[in-house]
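**Student:** Pasting a structure here, questions to come.
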Amino acid sequence: MTITAADASFREGTAPEGALRLYRELLRIRRFEEELHRLVSAGRVGGTTHLCVGQEAVPVGVSSILSPEDQVVSTHRGHGHLLAKGARADRALAEIAGRRDGYCGGKGGSQHVAVPAIGHMGSNGITGGGLPIAAGLAFASRFAGSDACVVSYLGDGACGTGNFHETLNLAALWELPVVFVLENNLYAMSTPVARATACDALTAWAERYKGLEARAVDGNDVIAVAAAAKPLVERARAGGGPALLECRTYRMAGHSKSDPCVYRTREEEERWRERDPLKVLVERAALAEPDLAAAREAVEEEIRSAVAFALASPPGDRELALEHLAVLRVPADPAPCRIAAGAETNLTEAIRETLRGEMERDGNVVLIGEDIGAYGGAFGVTRGLQEEFGTHRVLETPIAENGFTGLAVGAAVGGLRPVVELMFGDFVTCCMDALVNHAAKLAYMYAGQVSVPLTLRMPIGRRNGYGATHSQSLEAWFLHVPGLRVVCPSTVPDAVGLLRTAVRSDGPVIFLEPKLLYPSRGPMPGPDHLVDFGRARVDRVGGDVTLFTYGQALGICRDAAERLASRGFEAEIVDLRSLSPFDLETCVASVRKTGRGICVHEATETAGVGDALAARLQRDAFGHLRAPILTVGARHCPVPSSPELEDAVMPSSAEIVRAALPLLTDY
Ligand SMILES: Cc1ncc(C[n+]2csc(CCOP(=O)(O)OP(=O)(O)O)c2C)c(N)n1
């Protein structure tokens with residue numbers, strides 16, 4: 001049950017019913033955690049659990065001043081955040097116990113539960129992982145004209161993460177309505193705060209971000225927490241910008257079930273037990289025993305029935321386990337387009353015009369990235385779009401890939417359709433958490449209660465001298481991640497069709513831009529042109545060998561096909577376009593015809609797209625193969641800077657021909 005602002009707006013001693021409600025909420029969380037501990041100890045509930053016993057005053061105090069429209073983003077120690085925001089104890093417990101009637105059907109468990117209907121936008125198993133998501137939700141909320149604010153809970157351990165600093169910086173720069181509620185319980189697992197944070201005070205650290213207001217409060221005093229949170233929440237709602245509230249508290253239980261607490265003394269624990277939030281409230285509000293007894297009885301009844309409900313609920317089945325994987329609804333309405341259908345254009349202009357058209361079509365499409373305003377991005381793709389759509393839709397960021405990608409994830413959950421540009425695809429290494437742990441998984445973990453319509457554009461591949469950290473083709477990593485789709489155009493019409501589909505689809509899509517192809521030319525397709533994911537394109541028809549490829553390797557495949565033709569062999573070229581999912585139907589049909597296949601790409605040969613496709617083809621078309629499927633890719637070597645050395649490690653048409661000839665003549 002959420003305590004309303006009116007409930008909590010009592011002055012000490014004048015409205016005991018408000019204090020009683022707070023007491024009941026504190027007790028509800030305490031008893032929930034104690035019962036959970038009992039069930040875990042008895043082996044009746046598995047998985048990991050991080051109890052918040054001792055810290056209940058923080059979420060109860062904060063939630064007491066939130067309205068139902070305000071949202072919270074939680075942490076791994078989040079049961080209290082969930083219950084205080086208004087979740088039912090029975091469904092919360094069922095979720096933690098991994099049962100079908102849990103809020104996420106048991107897919108999320110203790111660390112990944114969300115109830116968006118009550119404004120609880122998800123707990124998070126990655127320390128600091130929720131911070132940029134909260135900032136993104138706050139951005140989306142303000143974008144929609146709402147005056148709601150977002151509370152982002154975090155522990156002291158999260159203050160050492162890049163996410164903490166990247167998000168605080170972004171939130172302060174963009175004056176986002178987000179309040180970071182820092183539960184400083186003195187330890188991150190076993191590490192004391194002082195040994196993990198090079199600052200005298202966490203509030204002082206946070207306050208270095210201009211415009212961010214930071215306060216500290218006794219986190220075991222629920223009334224003090226509510227009183228301290230109120231002005232910060234109101235300030236955020238009124239457009240005053242972000243804030244951080246440090247609540248000094250103590251986790252009375254171990255970090256998790258297996259923690260014997262050897263890193264702290266029993267005396268310290270005893271001192272904090274004296275400051276038990278329940279005791280503090282009873283004394284401060286002078287609550288009377290008969291009222292407390294009635295509250296205890298009501299809470300006992302709720303917890304008893306929650307346990308019965310959770311344990312009676314069955315676990316989910318295989319069907320449920322595989323649900324919420326693919327969300328692909330792509331509206332097919334025509335896109336506004338200033339370039340006439342059929343007119344020649346280049347890939348850069350085609351991508352820019354597609355972004356422009358989607359932004360015009362849908363006011364929720366926003367662009368996010370470094371230097372994408374006046375500069376137009378490193379490759380000029382977004383040139384002119386900020387001028388046309390304004391700084392609120394074309395958002396230039398600091399160099400904070402995980403921060404702004406995570407923010408885009410939150411904004412997507414909040415109803416926007418962000419298109420993030422990474423300056424170079426190599427920098428995806430800096431936002432893997434936002435992409436792999438969050439964008440890819442939120443819809444699944446939270447059982448379809450949220451979606452993440454996010455497009456991540458990234459230039460990939462060689463470009464004559466950019467060197468090892470600016471030339472990679474890392475796409476194969478993402479084929480391994482359920483929840484991500486990966487597409488790569490090599491022609492103008494495909495770039496337009498795939499990008500429209502990406503921006504309109506409800507799940508996260510990685511849109512790869514082969515940077516050597518930016519100047520390549522082709523006809524602009526019509527306004528209705530969409531390319532479905534999972535559809536390859538036969539680029540050249542032939543009957544002797546199939547070259548499977550994508551991106552800028554298409555050029556060397558075309559060249560190789562010409563060379564093979566001059567020797568009397570006809571190569572078929574299949575441009576995959578969609579790497580996850582593959583269009584196995586088209587690939588199998590081609591190899592059935594030719595009996596031979598070579599996968600060609602600029603990424604290194606080892607464990608790349610070629611190997612993944614070859615394994616599938618060997619499985620699905622084995623009886624039709626006349627020779628093993630080969631892969632021709634880059635050497636297993638970083639991309640060297642010198643263009644000559646780059647040539648030496650990259651695949652070439654000559655190499656494709658050399659690989660193809662034995663297949664054609666020896667088998
Ligand atoms: C990125 C990341 N690193 C490490 C962990 C393992 N881990 C889980 S909770 C935790 C301690 C977090 O401390 P703090 O943020 O202070 O929160 P508290 O546990 O004290 O509530 C650690 C190290 C993790 N989940 N995520």
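Order determines the names: the first chain of the structure tokens is A, the second B, and so forth; residues in each chain are numbered 1 upward, and ligands are numbered 1 upward as they are shown.
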List all protein, DNA and RNA residues that have at least one atom no more than 10 Å from any atom of ligand 1, counting only C-alpha atoms and all ligand atoms, and write them as a PDB file with C-alpha atoms, in the first residue's frame.

**Tutor:**
ATOM      1  CA  HIS A  50      19.563  -9.371  -0.213  1.00  0.00           C
ATOM      2  CA  LEU A  51      17.489  -8.379   2.774  1.00  0.00           C
ATOM      3  CA  CYS A  52      16.932  -4.767   3.771  1.00  0.00           C
ATOM      4  CA  GLN A  55      16.985  -0.018   6.254  1.00  0.00           C
ATOM      5  CA  THR A  75      18.619  -2.018  -6.594  1.00  0.00           C
ATOM      6  CA  HIS A  76      19.526  -5.603  -5.720  1.00  0.00           C
ATOM      7  CA  ARG A  77      18.424  -4.837  -2.140  1.00  0.00           C
ATOM      8  CA  GLY A  78      15.012  -3.791  -3.265  1.00  0.00           C
ATOM      9  CA  GLN A 111      16.898  -8.758  -8.047  1.00  0.00           C
ATOM     10  CA  ASN A 124      18.559  -4.277 -10.771  1.00  0.00           C
ATOM     11  CA  GLY A 125      21.233  -6.912 -10.277  1.00  0.00           C
ATOM     12  CA  ILE A 126      24.025  -4.699 -11.544  1.00  0.00           C
ATOM     13  CA  THR A 127      25.441  -2.334  -8.949  1.00  0.00           C
ATOM     14  CA  GLY A 128      24.817   1.159 -10.323  1.00  0.00           C
ATOM     15  CA  GLY A 129      23.010  -0.247 -13.369  1.00  0.00           C
ATOM     16  CA  TYR A 153      17.839   4.115  -5.202  1.00  0.00           C
ATOM     17  CA  LEU A 154      21.482   3.191  -4.863  1.00  0.00           C
ATOM     18  CA  GLY A 155      23.886   1.855  -2.275  1.00  0.00           C
ATOM     19  CA  ASP A 156      27.153   3.417  -1.197  1.00  0.00           C
ATOM     20  CA  GLY A 157      29.006   0.834  -3.281  1.00  0.00           C
ATOM     21  CA  ALA A 158      27.419   2.219  -6.439  1.00  0.00           C
ATOM     22  CA  CYS A 159      29.155   5.558  -5.817  1.00  0.00           C
ATOM     23  CA  GLY A 160      32.373   4.074  -7.123  1.00  0.00           C
ATOM     24  CA  THR A 161      30.904   3.101 -10.479  1.00  0.00           C
ATOM     25  CA  GLY A 162      31.266   4.989 -13.718  1.00  0.00           C
ATOM     26  CA  ASN A 163      27.489   4.928 -13.927  1.00  0.00           C
ATOM     27  CA  LEU A 182      21.573   6.798  -1.511  1.00  0.00           C
ATOM     28  CA  GLU A 183      21.226   4.118   1.138  1.00  0.00           C
ATOM     29  CA  ASN A 184      24.571   4.406   2.847  1.00  0.00           C
ATOM     30  CA  ASN A 185      24.648   1.306   5.029  1.00  0.00           C
ATOM     31  CA  LEU A 186      28.393   1.713   5.579  1.00  0.00           C
ATOM     32  CA  TYR A 187      29.449  -1.338   3.598  1.00  0.00           C
ATOM     33  CA  ALA A 188      29.448  -2.538   0.018  1.00  0.00           C
ATOM     34  CA  MET A 189      29.305  -6.224   0.745  1.00  0.00           C
ATOM     35  CA  SER A 190      32.317  -6.291   3.111  1.00  0.00           C
ATOM     36  CA  THR A 191      34.070  -3.112   1.966  1.00  0.00           C
ATOM     37  CA  PRO A 192      33.648  -0.087   4.252  1.00  0.00           C
ATOM     38  CA  VAL A 193      32.644   3.140   2.505  1.00  0.00           C
ATOM     39  CA  ALA A 196      35.913   2.537  -1.562  1.00  0.00           C
ATOM     40  CA  THR A 249      21.538   3.577   7.800  1.00  0.00           C
ATOM     41  CA  TYR A 250      22.663   0.053   8.573  1.00  0.00           C
ATOM     42  CA  ARG A 251      21.888  -3.360   7.190  1.00  0.00           C
ATOM     43  CA  GLY A 254      24.233 -10.046   6.308  1.00  0.00           C
ATOM     44  CA  HIS A 255      24.867  -8.887   2.758  1.00  0.00           C
ATOM     45  CA  SER A 256      23.183 -12.041   1.478  1.00  0.00           C
ATOM     46  CA  ASP A 433      26.282  -3.068 -19.454  1.00  0.00           C
TER      47      ASP A 433
END

**Student:** Can you list, as a ChimeraX atom specification, every protein, DNA or RNA residue that comes within 6 Å of Gly551 in chain A when you count only C-alpha atoms, leaving out same-chain residues fewer than 5 positions away?

**Tutor:** /A:488-490,514

**Student:** I need the residue nearest Leu39 in chain A from this list: A:His601, A:Arg616, A:Lys515, A:Lys257. Use only C-alpha atoms for the distance.

**Tutor:**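 Closest residue, counting only C-alpha atoms: A:Lys257.
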
**Student:** What's around Leu530 in chain A at 8 Å? Count only C-alpha atoms, leave out sequence neighbours fewer than 2 positions away in its own chain, and write the answer as JSON, numbers by chain.

**Tutor:** {"A": [332, 496, 497, 498, 500, 501, 528, 532]}

**Student:** Just list the residues in range 486-517 of chain A DSSP gives alpha helix (DSSP H) on the backbone, as a list in words.

**Tutor:** Val492, Pro493, Asp494, Ala495, Val496, Gly497, Leu498, Leu499, Arg500, Thr501, Ala502, Val503 and Arg504 of chain A

**Student:** For the selection you just gave me, I'd like the residues written to a file as a PDB file, in the first residue's frame, keeping N, CA and C atoms.

**Tutor:**
ATOM      1  N   VAL A 492      21.945   1.292 -50.314  1.00  0.00           N
ATOM      2  CA  VAL A 492      21.087   2.410 -49.903  1.00  0.00           C
ATOM      3  C   VAL A 492      19.657   1.928 -49.579  1.00  0.00           C
ATOM      4  N   PRO A 493      19.002   1.171 -50.461  1.00  0.00           N
ATOM      5  CA  PRO A 493      17.624   0.774 -50.131  1.00  0.00           C
ATOM      6  C   PRO A 493      17.542  -0.074 -48.859  1.00  0.00           C
ATOM      7  N   ASP A 494      18.536  -0.943 -48.649  1.00  0.00           N
ATOM      8  CA  ASP A 494      18.506  -1.765 -47.438  1.00  0.00           C
ATOM      9  C   ASP A 494      18.732  -0.920 -46.189  1.00  0.00           C
ATOM     10  N   ALA A 495      19.613   0.072 -46.292  1.00  0.00           N
ATOM     11  CA  ALA A 495      19.863   0.937 -45.132  1.00  0.00           C
ATOM     12  C   ALA A 495      18.565   1.632 -44.730  1.00  0.00           C
ATOM     13  N   VAL A 496      17.845   2.123 -45.709  1.00  0.00           N
ATOM     14  CA  VAL A 496      16.594   2.837 -45.431  1.00  0.00           C
ATOM     15  C   VAL A 496      15.562   1.873 -44.832  1.00  0.00           C
ATOM     16  N   GLY A 497      15.371   0.740 -45.491  1.00  0.00           N
ATOM     17  CA  GLY A 497      14.342  -0.203 -45.050  1.00  0.00           C
ATOM     18  C   GLY A 497      14.640  -0.801 -43.690  1.00  0.00           C
ATOM     19  N   LEU A 498      15.896  -1.141 -43.459  1.00  0.00           N
ATOM     20  CA  LEU A 498      16.258  -1.746 -42.167  1.00  0.00           C
ATOM     21  C   LEU A 498      16.178  -0.711 -41.044  1.00  0.00           C
ATOM     22  N   LEU A 499      16.603   0.514 -41.338  1.00  0.00           N
ATOM     23  CA  LEU A 499      16.589   1.536 -40.280  1.00  0.00           C
ATOM     24  C   LEU A 499      15.152   1.911 -39.909  1.00  0.00           C
ATOM     25  N   ARG A 500      14.291   2.004 -40.907  1.00  0.00           N
ATOM     26  CA  ARG A 500      12.877   2.287 -40.573  1.00  0.00           C
ATOM     27  C   ARG A 500      12.326   1.180 -39.676  1.00  0.00           C
ATOM     28  N   THR A 501      12.617  -0.057 -40.033  1.00  0.00           N
ATOM     29  CA  THR A 501      12.117  -1.178 -39.219  1.00  0.00           C
ATOM     30  C   THR A 501      12.705  -1.103 -37.811  1.00  0.00           C
ATOM     31  N   ALA A 502      13.998  -0.784 -37.733  1.00  0.00           N
ATOM     32  CA  ALA A 502      14.659  -0.726 -36.417  1.00  0.00           C
ATOM     33  C   ALA A 502      14.002   0.331 -35.530  1.00  0.00           C
ATOM     34  N   VAL A 503      13.815   1.513 -36.080  1.00  0.00           N
ATOM     35  CA  VAL A 503      13.286   2.621 -35.261  1.00  0.00           C
ATOM     36  C   VAL A 503      11.841   2.328 -34.840  1.00  0.00           C
ATOM     37  N   ARG A 504      11.100   1.638 -35.685  1.00  0.00           N
ATOM     38  CA  ARG A 504       9.683   1.390 -35.374  1.00  0.00           C
ATOM     39  C   ARG A 504       9.457   0.153 -34.518  1.00  0.00           C
TER      40      ARG A 504
END

**Student:** Please measure the separation of CA of Ser520 in chain A and CA of Asn346 in chain A, giving the value in Å to one decimal.

**Tutor:**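 Answer for the CA of Ser520 in chain A to CA of Asn346 in chain A separation: 5.3 Å.
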
**Student:** Using only C-alpha atoms, which protein or nucleic acid residues come within 7 Å of Asn169 in chain A? Drop anything in the same chain fewer than 4 positions from it, and give the result as a ChimeraX atom specification.

**Tutor:** /A:165,173,209

**Student:** Have a look at A:Ala138, A:Ala198, A:Val436, A:Ala310 and name the one nearest to Ala412 in chain A; count only C-alpha atoms.

**Tutor:**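 For Ala412 in chain A, the nearest of the given residues is A:Ala138.
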
**Student:** Excluding same-chain residues fewer than 3 positions from Arg273 in chain A, what lies within 10 Å of it counting only C-alpha atoms, as a PyMOL selection string?

**Tutor:** chain A and resi 54+250-252+267-270+276-277+279

**Student:** For C-alpha atoms, I'd like the residues from the last selection saved as an mmCIF file, in the first residue's frame.

**Tutor:**
data_model
loop_
_atom_site.group_PDB
_atom_site.id
_atom_site.type_symbol
_atom_site.label_atom_id
_atom_site.label_comp_id
_atom_site.auth_asym_id
_atom_site.auth_seq_id
_atom_site.Cartn_x
_atom_site.Cartn_y
_atom_site.Cartn_z
ATOM 1 C CA GLY A 54 17.332 -2.256 9.308
ATOM 2 C CA TYR A 250 22.663 0.053 8.573
ATOM 3 C CA ARG A 251 21.888 -3.360 7.190
ATOM 4 C CA MET A 252 21.097 -5.465 10.219
ATOM 5 C CA GLU A 267 29.335 -4.109 19.207
ATOM 6 C CA GLU A 268 28.757 -2.063 16.094
ATOM 7 C CA GLU A 269 25.737 -4.175 15.228
ATOM 8 C CA GLU A 270 24.388 -3.729 18.740
ATOM 9 C CA ASP A 276 16.216 0.225 14.856
ATOM 10 C CA PRO A 277 13.870 2.285 12.623
ATOM 11 C CA LYS A 279 12.038 1.722 17.718
#

**Student:** Name the residues in contact with Val53 in chain A at a cut-off of 8 Å, using only C-alpha atoms, excluding same-chain residues fewer than 6 positions from it; report them as a PDB file with C-alpha atoms, in the first residue's frame.

**Tutor:**
ATOM      1  CA  ILE A  29       8.740  -4.781   5.207  1.00  0.00           C
ATOM      2  CA  ARG A  30      10.508  -6.083   8.312  1.00  0.00           C
ATOM      3  CA  GLU A  33      12.103  -9.942   5.070  1.00  0.00           C
ATOM      4  CA  GLU A  34      12.099 -12.051   8.233  1.00  0.00           C
ATOM      5  CA  ARG A 251      21.888  -3.360   7.190  1.00  0.00           C
ATOM      6  CA  MET A 252      21.097  -5.465  10.219  1.00  0.00           C
ATOM      7  CA  ALA A 253      21.298  -8.737   8.301  1.00  0.00           C
TER       8      ALA A 253
END

**Student:** Which residue gives the smallest distance to Thr469 in chain A among A:Gly239, A:Gly608, A:Pro581, A:Pro640, with only C-alpha atoms counted?

**Tutor:**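 The answer is A:Pro640, which sits nearest to Thr469 in chain A.
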
**Student:** From the list A:Leu131, A:Ala94, A:Cys430, A:Cys149, which residue is nearest Val113 in chain A when using only C-alpha atoms?

**Tutor:**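 For Val113 in chain A, the nearest of the given residues is A:Ala94.
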
**Student:** Which residue is closest to Ile656 in chain A? Choose from A:Val420, A:Ala378, A:Leu564, A:Cys337 and count only C-alpha atoms.

**Tutor:** A:Leu564

**Student:** Which residues are close to Asp218 in chain A, i.e. within 9 Å by only C-alpha atoms, leaving aside same-chain residues fewer than 4 positions away? Reply as a list in words.

**Tutor:**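 Using only C-alpha atoms, the neighbours found are Val222, Ala224, Val225, Glu246, Cys247, Arg248 and Thr249 of chain A.
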
**Student:** What does the structure give for the distance between CA of Glu319 in chain A and CA of Gly122 in chain A, in Å to one decimal?

**Tutor:**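 Separation between CA of Glu319 in chain A and CA of Gly122 in chain A: 23.1 Å.
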
**Student:** Here is a test: counting only C-alpha atoms, which residue of A:Leu416, A:Ala561, A:Leu395, A:Leu36 is nearest to Glu370 in chain A?

**Tutor:** A:Leu395
